[in-house]
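Quick notes on the structure that follows.
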Amino acid sequence: MTSRLQNRRDTAANWTTNNPTLAAGEIGYETDTGKLKIGTGSANWTSLGYTQNGTVTSIVAGTGLTGGTITSTGTVAIASSQSDLVIKGFEEDVNVVAAAATGTINLEVGTASVWYYTTNATANHTLNIRYSSSVSLNTALAVGDAITVVWMNTNGATAYYPNVIQIDGTTVTPKIQGGTAIAAGNASSIDVYVFTIVKTAATPTYVVLESQTKFA
């Protein structure tokens with residue numbers, strides 16, 4: 001004799017309205033969404049997280065993963081503070097600008113951590129590093145946080161370079177790789193400047209490490 005096993009099932013609205021407590025291991029199925037919940041024996045329906053095709057599609061506080069949320073596509077959004085996180089195939093946004101470096105250039109890390117100006121620079125210039133036009137880097141960084149910003153400057157026959165470095169409009173003095181102050185760029189090349197910024201105090205105070213590398 002063939003047996004057939006059917007799980008408890010109802011519409012999402014009815015599950016929410018009735019809000020039953022499923023037995024431990026008992027499966028509840030939403031007929032209109034295709035989503036599943038598995039009971040614990042103590043939590044009611046609205047307190048349970050969804051599972052679907054064996055993949056977690058929501059997170060309930062206290063179930064072992066904290067600080068995460070689920071988007072409508074089922075992607076886990078990890079909170080800003082997670083330890084032992086392994087990232088594979090990490091990509092960085094590059095803001096490619098068909099313009100020449102001159103005047104003050106706002107490197108907004110909220111847009112990209114790498115900025116590349118593709119036209120030959122026309123003057124020495126100021127780099128002002130900030131989070132965005134409305135949010136300061138000081139606001140975005142807590143004490144003990146660090147961020148790395150890359151500036152790619154294209155030069156023609158004249159070797160221009162960023163001779164003033166600012167954070168949120170205030171000039172800072174970077175510590176230079178090798179200890180020799182940068183006094184010029186490199187002609188007919190792309191100069192790559194890497195800034196590692198460490199916020200060390202709330203005043204705010206920063207340690208800024210700068211390197212310059214020529215690519216030609």
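For the structure tokens, the naming scheme is as follows: chains receive sequential letters (A, B, ...) according to their order of presentation, residues are indexed from 1 within each chain, and ligands are indexed from 1 in presentation order.
Taking only C-alpha atoms, the non-local environment of Thr118 of chain A within 10 Å (same-chain residues fewer than 6 positions away omitted) comprises A:Val96, A:Val97, A:Ala98, A:Ala99, A:Ala100, A:Ala101, A:Met152, A:Asn153, A:Thr154, A:Asn155, A:Ile190.
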(request) Assign secondary structure with DSSP using the backbone only, and return the residues of chain A in strand (DSSP E or B) as a PyMOL selection string. (result) chain A and resi 8-10+21+27-30+36-38+44+50-52+55-56+68-70+76-78+94-100+103-108+114-119+125-130+146-155+162-167+170-172+175-176+189-201+205-215
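Considering the residues A:Ser113, A:Asn14, A:Gln212, A:Ser132 and counting only C-alpha atoms, Tyr161 of chain A has its shortest atom-to-atom contact with A:Gln212.
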Using only C-alpha atoms, which protein or nucleic acid residues come within 10 Å of Ser42 of chain A? Drop anything in the same chain fewer than 5 positions from it, and give the result as a PDB file with N, CA and C atoms, in the first residue's frame.
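selection-v2.pdb written:
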```
ATOM      1  N   PRO A  20       0.394  29.847  14.426  1.00  0.00           N
ATOM      2  CA  PRO A  20       0.507  28.659  15.274  1.00  0.00           C
ATOM      3  C   PRO A  20       1.958  28.409  15.695  1.00  0.00           C
ATOM      4  N   THR A  21       2.109  27.534  16.663  1.00  0.00           N
ATOM      5  CA  THR A  21       3.435  27.064  17.080  1.00  0.00           C
ATOM      6  C   THR A  21       3.622  25.663  16.506  1.00  0.00           C
ATOM      7  N   LEU A  22       4.546  25.521  15.553  1.00  0.00           N
ATOM      8  CA  LEU A  22       4.816  24.225  14.943  1.00  0.00           C
ATOM      9  C   LEU A  22       5.616  23.356  15.897  1.00  0.00           C
ATOM     10  N   ALA A  23       5.357  22.073  15.845  1.00  0.00           N
ATOM     11  CA  ALA A  23       6.131  21.136  16.647  1.00  0.00           C
ATOM     12  C   ALA A  23       7.574  21.101  16.157  1.00  0.00           C
ATOM     13  N   ALA A  24       8.485  20.634  16.977  1.00  0.00           N
ATOM     14  CA  ALA A  24       9.890  20.554  16.599  1.00  0.00           C
ATOM     15  C   ALA A  24      10.040  19.673  15.361  1.00  0.00           C
ATOM     16  N   SER A  47       7.684  34.129  14.395  1.00  0.00           N
ATOM     17  CA  SER A  47       9.026  34.210  14.978  1.00  0.00           C
ATOM     18  C   SER A  47      10.024  33.307  14.273  1.00  0.00           C
ATOM     19  N   LEU A  48       9.524  32.440  13.383  1.00  0.00           N
ATOM     20  CA  LEU A  48      10.398  31.502  12.675  1.00  0.00           C
ATOM     21  C   LEU A  48      10.958  32.124  11.411  1.00  0.00           C
TER      22      LEU A  48
END
```
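The list of residues with at least one atom within 12 Å of Val109 of chain A, based on only C-alpha atoms and without residues fewer than 5 positions apart in the same chain, reads Glu92, Asp93, Val94, Asn95, Val114, Trp115, Asn128, Ile129, Arg130, Tyr131, Ser132, Ser133, Val135, Ser136, Leu137, Asn138, Ala140, Leu141, Ile147, Thr148, Val149, Val150, Trp151, Ile167, Asp168, Phe195 and Ile197 of chain A.
Using only C-alpha atoms, the shortest contact distance between Pro174 of chain A and any of A:Asn7, A:Thr200, A:Thr139, A:Ser211 is found at A:Ser211.
Using only C-alpha atoms, the nearest neighbour of Thr119 of chain A within the list A:Gly156, A:Gly28, A:Gly179, A:Gly41 is A:Gly156.
For the residues A:Gly144, A:Ala12, A:Asn120, A:Gly89, ranking by smallest atom-to-atom distance to Ala202 of chain A using only C-alpha atoms places A:Gly144 first.
Look at Asn124 of chain A: the protein and nucleic acid residues within 12 Å of it, using only C-alpha atoms and passing over chain neighbours fewer than 6 places away, are Ala100, Ala101, Thr102, Gly103, Thr104, Ile105, Asn153, Thr154, Asn155, Thr158, Ala159, Tyr160, Tyr161, Pro162, Asn163, Val164, Ile165, Ala183, Ala184 and Gly185 of chain A.
Atom to atom, atom CA of Thr203 of chain A and atom CA of Leu127 of chain A stand 21.1 Å apart.
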(message) Can you measure atom CA of Val172 of chain A to atom CA of Ser189 of chain A for me? One decimal in Å is fine.
(response) 25.9 Å
